[in-house]
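Asks: Below is protein12.txt; it holds compact mmCIF, C-alpha atoms.
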# COMPACT_ATOMS: atom_id res chain seq x y z
CA MET A 367 -72.24 49.77 134.38
CA ASN A 368 -72.30 53.54 134.24
CA SER A 369 -75.50 55.42 134.87
CA LEU A 370 -76.72 57.89 132.27
CA ALA A 371 -75.67 60.73 134.58
CA ASP A 372 -72.13 59.30 134.79
CA GLU A 373 -71.95 59.17 131.01
CA LEU A 374 -72.98 62.79 130.74
CA THR A 375 -70.37 64.00 133.22
CA ALA A 376 -67.73 62.04 131.31
CA HIS A 377 -68.65 63.82 128.06
CA ARG A 378 -66.86 67.13 127.52
CA PHE A 379 -69.98 68.97 126.31
CA PHE A 380 -71.28 68.80 129.89
CA ALA A 381 -68.01 69.65 131.65
CA GLY A 382 -68.69 71.75 134.72
CA MET A 383 -72.47 71.61 134.39
CA ALA A 384 -74.45 72.15 137.61
CA ASP A 385 -75.95 68.99 139.11
CA ALA A 386 -79.49 70.41 138.91
CA HIS A 387 -79.11 70.99 135.16
CA LEU A 388 -77.52 67.57 134.62
CA GLU A 389 -80.54 66.06 136.33
CA VAL A 390 -82.94 67.76 133.92
CA LEU A 391 -80.86 66.63 130.95
CA THR A 392 -80.67 63.08 132.21
CA GLY A 393 -84.46 63.10 132.41
CA CYS A 394 -84.66 63.86 128.68
CA ALA A 395 -81.92 61.41 127.69
CA ARG A 396 -81.51 57.78 126.67
CA ASN A 397 -78.66 55.62 125.42
CA VAL A 398 -78.81 54.69 121.77
CA VAL A 399 -76.77 52.61 119.34
CA ILE A 400 -77.05 53.70 115.72
CA PRO A 401 -75.86 51.07 113.19
CA GLY A 402 -73.14 52.09 110.75
CA GLY A 403 -74.58 53.34 107.45
CA THR A 404 -77.74 54.77 109.03
CA SER A 405 -78.90 58.17 107.81
CA ILE A 406 -79.27 59.97 111.16
CA ILE A 407 -80.19 63.46 110.05
CA ARG A 408 -81.74 64.74 106.84
CA GLU A 409 -81.52 68.39 105.84
CA GLY A 410 -84.87 70.12 106.30
CA ALA A 411 -86.36 67.53 108.68
CA GLU A 412 -87.58 68.55 112.13
CA ALA A 413 -84.77 68.88 114.66
CA ASN A 414 -86.24 67.32 117.79
CA VAL A 415 -83.29 65.25 118.94
CA PHE A 416 -79.58 65.81 119.43
CA TRP A 417 -76.81 63.40 120.35
CA ALA A 418 -73.74 63.39 122.56
CA LEU A 419 -71.42 60.94 120.81
CA ARG A 420 -69.62 58.37 122.97
CA ALA A 421 -68.14 56.09 120.31
CA GLY A 422 -68.17 55.72 116.55
CA ARG A 423 -67.98 58.35 113.81
CA VAL A 424 -70.56 60.47 112.04
CA ALA A 425 -70.15 62.19 108.67
CA LEU A 426 -71.82 65.59 108.38
CA GLY A 427 -72.48 66.88 104.91
CA VAL A 428 -74.61 68.10 102.08
CA THR A 429 -76.25 65.94 99.43
CA ALA A 430 -75.89 67.13 95.87
CA PRO A 431 -77.68 65.60 92.86
CA GLY A 432 -75.65 62.84 91.24
CA ARG A 433 -72.88 63.18 93.82
CA GLY A 434 -74.30 61.62 96.95
CA MET A 435 -73.40 63.14 100.29
CA LEU A 436 -70.41 65.49 100.27
CA THR A 437 -68.79 65.23 103.68
CA ILE A 438 -67.89 68.55 105.27
CA ASP A 439 -66.95 67.34 108.74
CA THR A 440 -66.61 64.13 110.68
CA LEU A 441 -67.69 63.95 114.31
CA HIS A 442 -66.27 61.58 116.91
CA ALA A 443 -66.55 60.54 120.54
CA GLY A 444 -66.76 63.68 122.66
CA ASP A 445 -68.55 65.68 119.96
CA VAL A 446 -72.20 66.72 119.85
CA LEU A 447 -74.33 66.09 116.76
CA GLY A 448 -77.02 68.64 116.11
CA TRP A 449 -77.54 72.24 117.21
CA ALA A 450 -80.52 73.36 115.10
CA TRP A 451 -82.83 71.92 117.78
CA LEU A 452 -82.17 75.02 119.90
CA PHE A 453 -83.03 77.70 117.32
CA PRO A 454 -86.24 78.33 115.34
CA PRO A 455 -87.42 77.00 112.93
CA TYR A 456 -85.94 73.83 114.50
CA ARG A 457 -85.06 72.18 111.18
CA TRP A 458 -81.78 70.47 110.29
CA HIS A 459 -79.33 72.34 108.08
CA PHE A 460 -77.27 69.35 106.99
CA ASP A 461 -77.32 65.59 106.52
CA ALA A 462 -75.54 63.20 108.88
CA ASP A 463 -74.71 59.53 108.37
CA ALA A 464 -73.24 57.03 110.82
CA LEU A 465 -69.86 55.89 109.46
CA ASP A 466 -69.52 53.20 112.13
CA ASP A 467 -71.86 51.85 114.80
CA VAL A 468 -72.42 54.97 116.86
CA HIS A 469 -72.96 54.84 120.61
CA ALA A 470 -74.54 58.05 121.84
CA VAL A 471 -76.78 59.64 124.41
CA ALA A 472 -79.83 60.96 122.59
CA PHE A 473 -81.74 63.94 123.99
CA ASP A 474 -85.42 64.68 123.45
CA ALA A 475 -85.08 68.27 122.27
CA LEU A 476 -88.82 68.93 122.24
CA CYS A 477 -88.91 68.13 125.96
CA LEU A 478 -85.69 70.04 126.59
CA ARG A 479 -86.88 73.21 124.81
CA GLY A 480 -89.86 73.25 127.15
CA LYS A 481 -87.58 72.87 130.19
CA CYS A 482 -85.36 75.72 128.94
CA SER A 483 -88.35 78.04 128.60
CA ALA A 484 -89.37 77.21 132.13
CA ASP A 485 -85.83 77.62 133.52
CA PRO A 486 -83.87 80.45 131.88
CA ALA A 487 -80.71 79.52 133.77
CA LEU A 488 -80.77 76.07 132.19
CA GLY A 489 -81.55 77.66 128.82
CA PHE A 490 -78.61 80.03 129.09
CA ASP A 491 -76.26 77.24 130.15
CA LEU A 492 -77.22 75.11 127.14
CA ALA A 493 -77.17 78.07 124.78
CA GLN A 494 -73.62 78.93 125.89
CA ARG A 495 -72.43 75.38 125.35
CA VAL A 496 -74.04 75.14 121.93
CA ALA A 497 -72.64 78.57 120.99
CA ALA A 498 -69.15 77.31 121.84
CA ILE A 499 -69.63 74.42 119.42
CA LEU A 500 -70.87 76.78 116.73
CA GLY A 501 -67.82 78.97 117.33
CA ASP A 502 -65.48 76.01 116.83
CA ARG A 503 -67.28 74.92 113.66
CA LEU A 504 -67.18 78.49 112.31
CA SER A 505 -63.48 78.79 113.11
CA SER A 506 -62.76 75.47 111.41
CA ALA A 507 -64.80 76.47 108.36
CA ARG A 508 -63.01 79.84 108.11
CA MET A 509 -59.60 78.17 108.32
CA ARG A 510 -60.54 75.97 105.42
CA ILE A 511 -61.88 78.87 103.35
CA LEU A 512 -58.40 80.41 103.76
CA ASP A 513 -57.02 77.25 102.11
CA LEU A 514 -53.81 77.57 104.15
CA TYR A 515 -52.27 74.43 102.66
CA GLY A 516 -52.88 75.57 99.11
CA SER A 517 -50.24 77.37 97.06
CA PRO A 518 -49.80 81.02 98.04
CA GLN A 519 -50.54 83.77 95.51
CA PRO A 520 -47.55 84.59 93.27
CA GLY A 521 -45.77 87.88 94.06
CA MET B 399 -44.26 69.00 96.10
CA VAL B 400 -41.00 67.36 95.06
CA THR B 401 -38.48 65.49 97.18
CA LEU B 402 -34.87 65.80 96.06
CA GLU B 403 -32.31 63.26 97.27
CA LEU B 404 -28.92 64.94 97.42
CA GLU B 405 -25.37 63.72 97.78
CA ALA B 406 -22.14 65.71 97.79
CA THR B 407 -20.24 65.68 94.48
CA ASP B 408 -17.02 65.07 96.40
CA GLY B 409 -18.60 62.19 98.30
CA SER B 410 -18.35 63.88 101.70
CA ARG B 411 -21.02 63.05 104.23
CA LEU B 412 -23.47 65.81 105.15
CA ARG B 413 -24.32 65.85 108.83
CA TYR B 414 -27.47 67.47 110.17
CA ALA B 415 -30.12 67.29 112.87
CA ALA B 416 -33.85 66.82 112.31
CA GLY B 417 -35.43 70.28 111.94
CA GLN B 418 -32.45 71.96 110.29
CA PHE B 419 -32.45 73.39 106.77
CA ASN B 420 -30.06 73.92 103.90
CA MET B 421 -29.83 76.84 101.47
CA LEU B 422 -30.21 75.22 98.06
CA TYR B 423 -28.92 77.09 95.02
CA ALA B 424 -30.55 76.36 91.67
CA TYR B 425 -28.13 77.54 88.95
CA PRO B 426 -28.41 80.26 87.73
CA VAL B 427 -31.64 81.38 89.40
CA GLY B 428 -30.90 81.78 93.10
CA GLU B 429 -31.04 80.07 96.47
CA VAL B 430 -33.76 79.37 98.97
CA ALA B 431 -34.06 77.70 102.39
CA ILE B 432 -35.37 74.14 102.15
CA SER B 433 -36.15 71.85 105.08
CA ILE B 434 -34.33 68.57 105.36
CA SER B 435 -36.92 65.79 105.34
CA ALA B 436 -34.53 62.83 105.69
CA ASN B 437 -33.83 60.56 108.65
CA PRO B 438 -30.63 61.77 110.38
CA ALA B 439 -30.03 58.27 111.70
CA GLU B 440 -29.66 56.85 108.19
CA ASP B 441 -26.78 57.12 105.74
CA GLY B 442 -27.18 57.86 102.07
CA PRO B 443 -28.57 60.70 99.96
CA ILE B 444 -30.36 63.35 101.95
CA ALA B 445 -33.98 64.15 101.17
CA HIS B 446 -35.16 67.76 100.88
CA THR B 447 -38.79 68.45 100.13
CA VAL B 448 -39.59 71.50 98.00
CA ARG B 449 -42.90 73.12 97.20
CA ASN B 450 -43.20 75.01 93.92
CA VAL B 451 -44.16 78.46 95.16
CA GLY B 452 -41.61 80.82 93.62
CA THR B 453 -38.91 81.27 91.01
CA VAL B 454 -36.15 79.39 92.81
CA SER B 455 -38.36 76.61 94.18
CA ARG B 456 -39.85 76.12 90.73
CA ALA B 457 -36.33 75.70 89.35
CA LEU B 458 -35.51 73.21 92.11
CA CYS B 459 -38.70 71.25 91.42
CA GLY B 460 -37.65 71.00 87.76
CA LEU B 461 -34.31 69.33 88.48
CA GLN B 462 -33.68 65.86 87.06
CA LEU B 463 -31.65 62.90 88.29
CA GLY B 464 -27.95 63.70 87.87
CA ASP B 465 -28.38 67.51 87.89
CA THR B 466 -26.17 69.62 90.13
CA LEU B 467 -27.21 72.27 92.59
CA GLY B 468 -25.46 74.30 95.29
CA LEU B 469 -25.86 73.62 98.99
CA ARG B 470 -24.96 75.74 102.03
CA GLY B 471 -25.65 74.42 105.47
CA PRO B 472 -27.01 72.89 107.58
CA PHE B 473 -28.39 75.86 109.45
CA GLY B 474 -30.70 76.44 112.34
CA SER B 475 -31.75 74.75 115.55
CA GLY B 476 -33.16 71.26 115.24
CA TRP B 477 -36.27 69.91 116.93
CA GLY B 478 -34.20 69.05 119.98
CA LEU B 479 -35.25 65.43 120.08
CA ASP B 480 -32.60 64.58 122.68
CA SER B 481 -34.20 66.90 125.22
CA ALA B 482 -37.60 65.28 124.54
CA ALA B 483 -36.36 61.75 125.17
CA GLY B 484 -37.96 59.88 128.06
CA GLY B 485 -41.38 61.51 127.60
CA ASP B 486 -44.41 61.58 125.35
CA LEU B 487 -44.43 63.32 121.97
CA VAL B 488 -47.27 65.09 120.18
CA ILE B 489 -46.36 65.80 116.55
CA VAL B 490 -48.71 68.03 114.53
CA ALA B 491 -48.05 68.59 110.82
CA GLY B 492 -50.02 70.78 108.43
CA GLY B 493 -49.50 70.58 104.68
CA ILE B 494 -45.83 70.82 103.72
CA GLY B 495 -45.04 71.10 107.45
CA LEU B 496 -44.89 67.33 107.30
CA ALA B 497 -41.52 67.57 105.51
CA PRO B 498 -39.33 68.67 108.45
CA LEU B 499 -41.42 66.51 110.80
CA ARG B 500 -40.84 63.47 108.62
CA SER B 501 -37.21 63.61 109.78
CA VAL B 502 -38.30 63.53 113.37
CA ILE B 503 -40.82 60.72 112.92
CA ALA B 504 -38.22 58.61 111.09
CA GLN B 505 -35.72 59.24 113.86
CA VAL B 506 -38.27 58.46 116.60
CA ILE B 507 -39.13 55.15 114.91
CA SER B 508 -35.45 54.19 114.68
CA GLN B 509 -34.98 55.01 118.39
CA ARG B 510 -38.50 54.14 119.57
CA GLU B 511 -37.52 52.95 123.04
CA ARG B 512 -36.27 56.45 123.95
CA PHE B 513 -39.78 57.94 123.90
CA GLY B 514 -43.10 57.40 125.61
CA ALA B 515 -46.46 57.63 123.83
CA VAL B 516 -46.20 59.21 120.39
CA GLU B 517 -49.20 60.91 118.78
CA VAL B 518 -48.97 62.12 115.19
CA VAL B 519 -51.63 64.40 113.69
CA ILE B 520 -51.35 65.19 110.00
CA GLY B 521 -53.52 67.75 108.26
CA THR B 522 -53.70 67.99 104.51
CA ARG B 523 -55.83 69.84 102.00
CA THR B 524 -57.31 66.80 100.29
CA PRO B 525 -56.52 63.08 100.47
CA GLU B 526 -54.71 63.28 97.11
CA GLU B 527 -52.39 66.04 98.32
CA LEU B 528 -51.14 64.14 101.37
CA ALA B 529 -47.34 64.20 101.28
CA PHE B 530 -45.28 61.02 101.73
CA ARG B 531 -48.37 58.87 101.35
CA GLU B 532 -46.65 55.48 101.44
CA GLN B 533 -44.72 56.47 104.54
CA VAL B 534 -47.83 57.77 106.27
CA GLU B 535 -49.55 54.44 105.55
CA MET B 536 -46.53 52.65 106.97
CA TRP B 537 -46.67 54.79 110.12
CA ARG B 538 -50.41 54.08 110.47
CA GLY B 539 -49.69 50.36 110.32
CA ARG B 540 -47.40 50.54 113.36
CA ASP B 541 -48.89 49.81 116.76
CA ASP B 542 -46.28 51.91 118.58
CA LEU B 543 -47.53 55.16 117.01
CA SER B 544 -50.97 56.75 117.10
CA VAL B 545 -51.44 58.44 113.71
CA HIS B 546 -54.41 60.63 112.78
CA VAL B 547 -54.79 61.96 109.25
CA THR B 548 -57.40 64.61 108.62
CA VAL B 549 -58.32 66.43 105.43
CA ASP B 550 -59.67 69.95 105.01
CA ARG B 551 -61.83 68.77 102.16
CA ALA B 552 -62.94 65.23 101.42
CA THR B 553 -62.98 63.78 97.94
CA PRO B 554 -65.11 60.79 96.91
CA GLY B 555 -63.72 57.61 98.38
CA TRP B 556 -62.26 59.22 101.50
CA HIS B 557 -63.66 57.51 104.59
CA GLY B 558 -61.41 59.11 107.16
CA THR B 559 -61.52 62.23 109.28
CA VAL B 560 -62.60 65.55 107.79
CA GLY B 561 -61.75 68.78 109.59
CA VAL B 562 -58.85 71.00 110.57
CA VAL B 563 -56.11 69.54 112.79
CA THR B 564 -57.31 71.44 115.85
CA THR B 565 -60.53 69.38 115.83
CA VAL B 566 -58.45 66.20 116.28
CA LEU B 567 -56.43 67.53 119.23
CA PRO B 568 -59.16 67.09 121.92
CA ARG B 569 -59.11 63.34 121.16
CA ILE B 570 -55.38 62.60 121.34
CA ARG B 571 -53.33 61.66 124.35
CA CYS B 572 -51.71 64.85 125.63
CA ASP B 573 -50.34 64.93 129.17
CA PRO B 574 -48.75 68.15 130.52
CA GLY B 575 -45.33 66.44 130.49
CA ALA B 576 -45.38 65.84 126.72
CA ILE B 577 -43.36 67.81 124.17
CA ALA B 578 -45.24 69.01 121.09
CA LEU B 579 -43.55 69.54 117.73
CA VAL B 580 -45.66 71.62 115.35
CA CYS B 581 -44.99 72.62 111.76
CA GLY B 582 -47.17 74.10 109.05
CA PRO B 583 -48.55 77.46 107.89
CA GLU B 584 -48.12 80.04 110.63
CA VAL B 585 -51.86 80.53 111.12
CA MET B 586 -52.25 76.78 111.60
CA MET B 587 -49.40 76.72 114.13
CA ARG B 588 -50.97 79.57 116.14
CA PHE B 589 -54.32 77.79 116.42
CA THR B 590 -52.63 74.47 117.13
CA ALA B 591 -50.54 75.97 119.92
CA LEU B 592 -53.70 77.46 121.43
CA ALA B 593 -55.53 74.13 121.24
CA LEU B 594 -52.56 72.32 122.83
CA GLN B 595 -52.50 74.84 125.65
CA GLU B 596 -56.21 74.19 126.16
CA ARG B 597 -55.22 70.54 126.64
CA GLY B 598 -52.94 71.67 129.45
CA LEU B 599 -49.62 71.71 127.61
CA PRO B 600 -47.46 74.67 128.72
CA ALA B 601 -46.22 77.03 125.98
CA SER B 602 -42.63 76.16 126.88
CA ARG B 603 -43.30 72.56 125.84
CA ILE B 604 -44.68 73.47 122.42
CA ARG B 605 -42.01 73.78 119.70
CA VAL B 606 -42.87 75.38 116.36
CA SER B 607 -40.77 75.68 113.22
CA MET B 608 -40.89 79.28 112.04
CA GLU B 609 -40.47 80.30 108.45
CA ARG B 610 -39.21 83.65 107.25
CA ASN B 611 -37.43 84.72 104.07
CA MET B 612 -33.85 83.55 104.47
CA GLN B 613 -30.95 85.20 102.73
CA CYS B 614 -27.63 84.83 104.52
CA ALA B 615 -28.80 82.07 106.88
CA VAL B 616 -25.97 83.04 109.27
CA ALA B 617 -27.63 85.75 111.42
CA GLN B 618 -26.09 88.68 109.53
CA CYS B 619 -28.49 90.23 107.02
CA GLY B 620 -31.56 90.46 109.27
CA HIS B 621 -34.10 89.38 106.61
CA CYS B 622 -35.35 86.51 108.77
CA GLN B 623 -35.40 88.47 112.02
CA LEU B 624 -38.44 88.27 114.26
CA GLY B 625 -37.87 90.95 116.87
CA SER B 626 -34.51 90.07 118.37
CA VAL B 627 -34.71 86.48 117.19
CA PHE B 628 -32.87 85.31 114.07
CA VAL B 629 -35.02 82.55 112.63
CA CYS B 630 -32.04 81.14 110.71
CA ALA B 631 -29.86 80.75 113.79
CA ASP B 632 -31.98 80.94 116.96
CA GLY B 633 -34.65 79.01 115.07
CA PRO B 634 -36.29 77.83 112.93
CA VAL B 635 -37.46 75.69 115.83
CA LEU B 636 -38.52 77.90 118.74
CA THR B 637 -40.65 77.33 121.81
CA TRP B 638 -44.11 78.88 121.72
CA ASP B 639 -43.56 80.96 124.85
CA ARG B 640 -40.71 82.71 123.03
CA VAL B 641 -42.49 83.14 119.71
CA GLU B 642 -46.00 84.12 120.75
CA PRO B 643 -45.14 87.59 122.10
CA LEU B 644 -43.18 88.32 118.91
CA LEU B 645 -46.08 87.29 116.68
CA ALA B 646 -48.41 89.58 118.62
CA VAL B 647 -46.53 92.53 117.13
CA ARG B 648 -47.87 92.67 113.58
CA GLN B 649 -45.00 94.68 112.12
CA LEU B 650 -42.53 91.90 112.83
Let me see the structure of the file written as structure tokens.

Replies:
Amino acid sequence: MNSLADELTAHRFFAGMADAHLEVLTGCARNVVIPGGTSIIREGAEANVFWALRAGRVALGVTAPGRGMLTIDTLHAGDVLGWAWLFPPYRWHFDADALDDVHAVAFDALCLRGKCSADPALGFDLAQRVAAILGDRLSSARMRILDLYGSPQPG
Amino acid sequence: MVTLELEATDGSRLRYAAGQFNMLYAYPVGEVAISISANPAEDGPIAHTVRNVGTVSRALCGLQLGDTLGLRGPFGSGWGLDSAAGGDLVIVAGGIGLAPLRSVIAQVISQRERFGAVEVVIGTRTPEELAFREQVEMWRGRDDLSVHVTVDRATPGWHGTVGVVTTVLPRIRCDPGAIALVCGPEVMMRFTALALQERGLPASRIRVSMERNMQCAVAQCGHCQLGSVFVCADGPVLTWDRVEPLLAVRQL
């Protein structure tokens, strides 16, 4: 059976992370299984946890009146769920539901924020990794705004 | 999107390779390059898939069973499936890019033992706009293909993946010895090629199908030229290491 540390090194979010930093993260982490159908994140709630997904799928979206949750993205094994935990005011921007039973490593962000303040190198490392995720999500969102598969303008 | 099944009025058999195109002439409007979406290994009428985006393509989309049109071709380099035999394939289709790749997937299925692992990633705008839906479902049902469909925008009732194709690529099997076949809007192909390279696939092993306005289709008029490359004759399928430097020059 893999240790928590082994699971982190196998997850691409932590690729190349220094052992000392991995140790801190492992100290704030635990394995969780979230049953399919669970509402994991609610927009506006306090963002004090984030998850490194190992198996199962999560739908990320926005809830509109009378329309339920509108899915904007789906996340899978290898993805990270949640980034608002790193930036004030530490409140979620979207909803997230488990589409299947989700196996993940959950991180205590309250604890981790404290560790980042105490160790700027750790803070910078995590901030860089989270920024990379934000960059990918922004890129993906921009591609979709372009509506590349839609019909081109006449002319 | 409309798929036209064509047969020669004189009964002659049209030969072609997956990835080639024909110039289709809609009387009396004009002609346009249309990808062949049929399976080269099968006999019978040849499928061409047309998207209604201009005067000629609109005329083609309006054709009815029994109508006549003109055909010149086939032109262009195919996907080069023979040179990919013996190894893994990664096929990435965006929007109507699935049309020329449908030929390849059909051919791969009919000669499955010639290839290693086959990953197919299909991006579409919404679930309703997915081309060749019944065929895609059939491919998904096969256990000798790994098929991932992702939508840019979900509609109610869609329980699958939501996101651009590049977000699926980190999850597929992609060894450096694979050959990737990519087709779709040029912006999508650029980002896909980049993502595949991040997976360790060399640019020389990534094949894209370029699209430019075709007129003569025989490397004479220069309308389809990309630098020194004639898309109608040297392409439309080109390796990424050849195309990327040409795309970096905006005026081309």

Asks: Tell me, in Å to one decimal, how far CA of Thr559 (chain B) is from CA of Val547 (chain B).

Replies: 6.7 Å

Asks: Give me, as a Markdown table, each residue of chain A that comes within 7 Å of chain B, together with its shortest interatomic pair and the distance in Å at one decimal, counting only C-alpha atoms, with rows ordered by chain and rising residue number.

Replies:
| residue | atom | partner | partner_atom | distance |
| --- | --- | --- | --- | --- |
| A:Thr437 | CA | B:Ala552 | CA | 6.3 |
| A:Ile438 | CA | B:Val560 | CA | 6.6 |
| A:Asp439 | CA | B:Val560 | CA | 4.8 |
| A:Thr440 | CA | B:Val560 | CA | 5.1 |
| A:Ser506 | CA | B:Val562 | CA | 6.0 |
| A:Arg510 | CA | B:Asp550 | CA | 6.1 |
| A:Leu514 | CA | B:Pro583 | CA | 6.5 |
| A:Tyr515 | CA | B:Gly493 | CA | 5.2 |
| A:Ser517 | CA | B:Val451 | CA | 6.5 |
| A:Pro518 | CA | B:Val451 | CA | 6.8 |

Asks: How many Å lie between CA of Asp541 (chain B) and CA of Val516 (chain B), rounded to one decimal?

Replies: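 Calculated distance between CA of Asp541 (chain B) and CA of Val516 (chain B) is 10.4 Å.
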
Asks: May I ask for the distance between CA of Leu469 (chain B) and CA of Pro438 (chain B), given in Å to one decimal place?

Replies: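 Those two atoms sit 17.1 Å apart.
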
Asks: Show me, as a tab-separated table, the residues of region 423-483 of chain B having an atom within 8 Å of region 594-618 of chain B, each with the closest atom pair and its distance in Å, using all atoms listed in the file.

Replies:
residue	atom	partner	partner_atom	distance
B:Val430	CA	B:Met612	CA	6.9
B:Ala431	CA	B:Met612	CA	6.2
B:Phe473	CA	B:Ala615	CA	6.7
B:Trp477	CA	B:Arg605	CA	7.5

Asks: Can you sort out the box for region 448-463 of chain A, edges along x, y and z, all listed atoms in, 3 Å on every side, with centre and edge lengths in Å to one decimal, as AutoDock Vina command-line options?

Replies:
--center_x -81.1 --center_y 68.9 --center_z 113.2 --size_x 18.7 --size_y 24.8 --size_z 19.4

Asks: Can you list, as a ChimeraX atom specification, every protein, DNA or RNA residue that comes within 8 Å of region 449-457 of chain A when you count all atoms listed in the file, leaving out same-chain residues fewer than 5 positions away?

Replies: /A:409-416,475,479,493,496
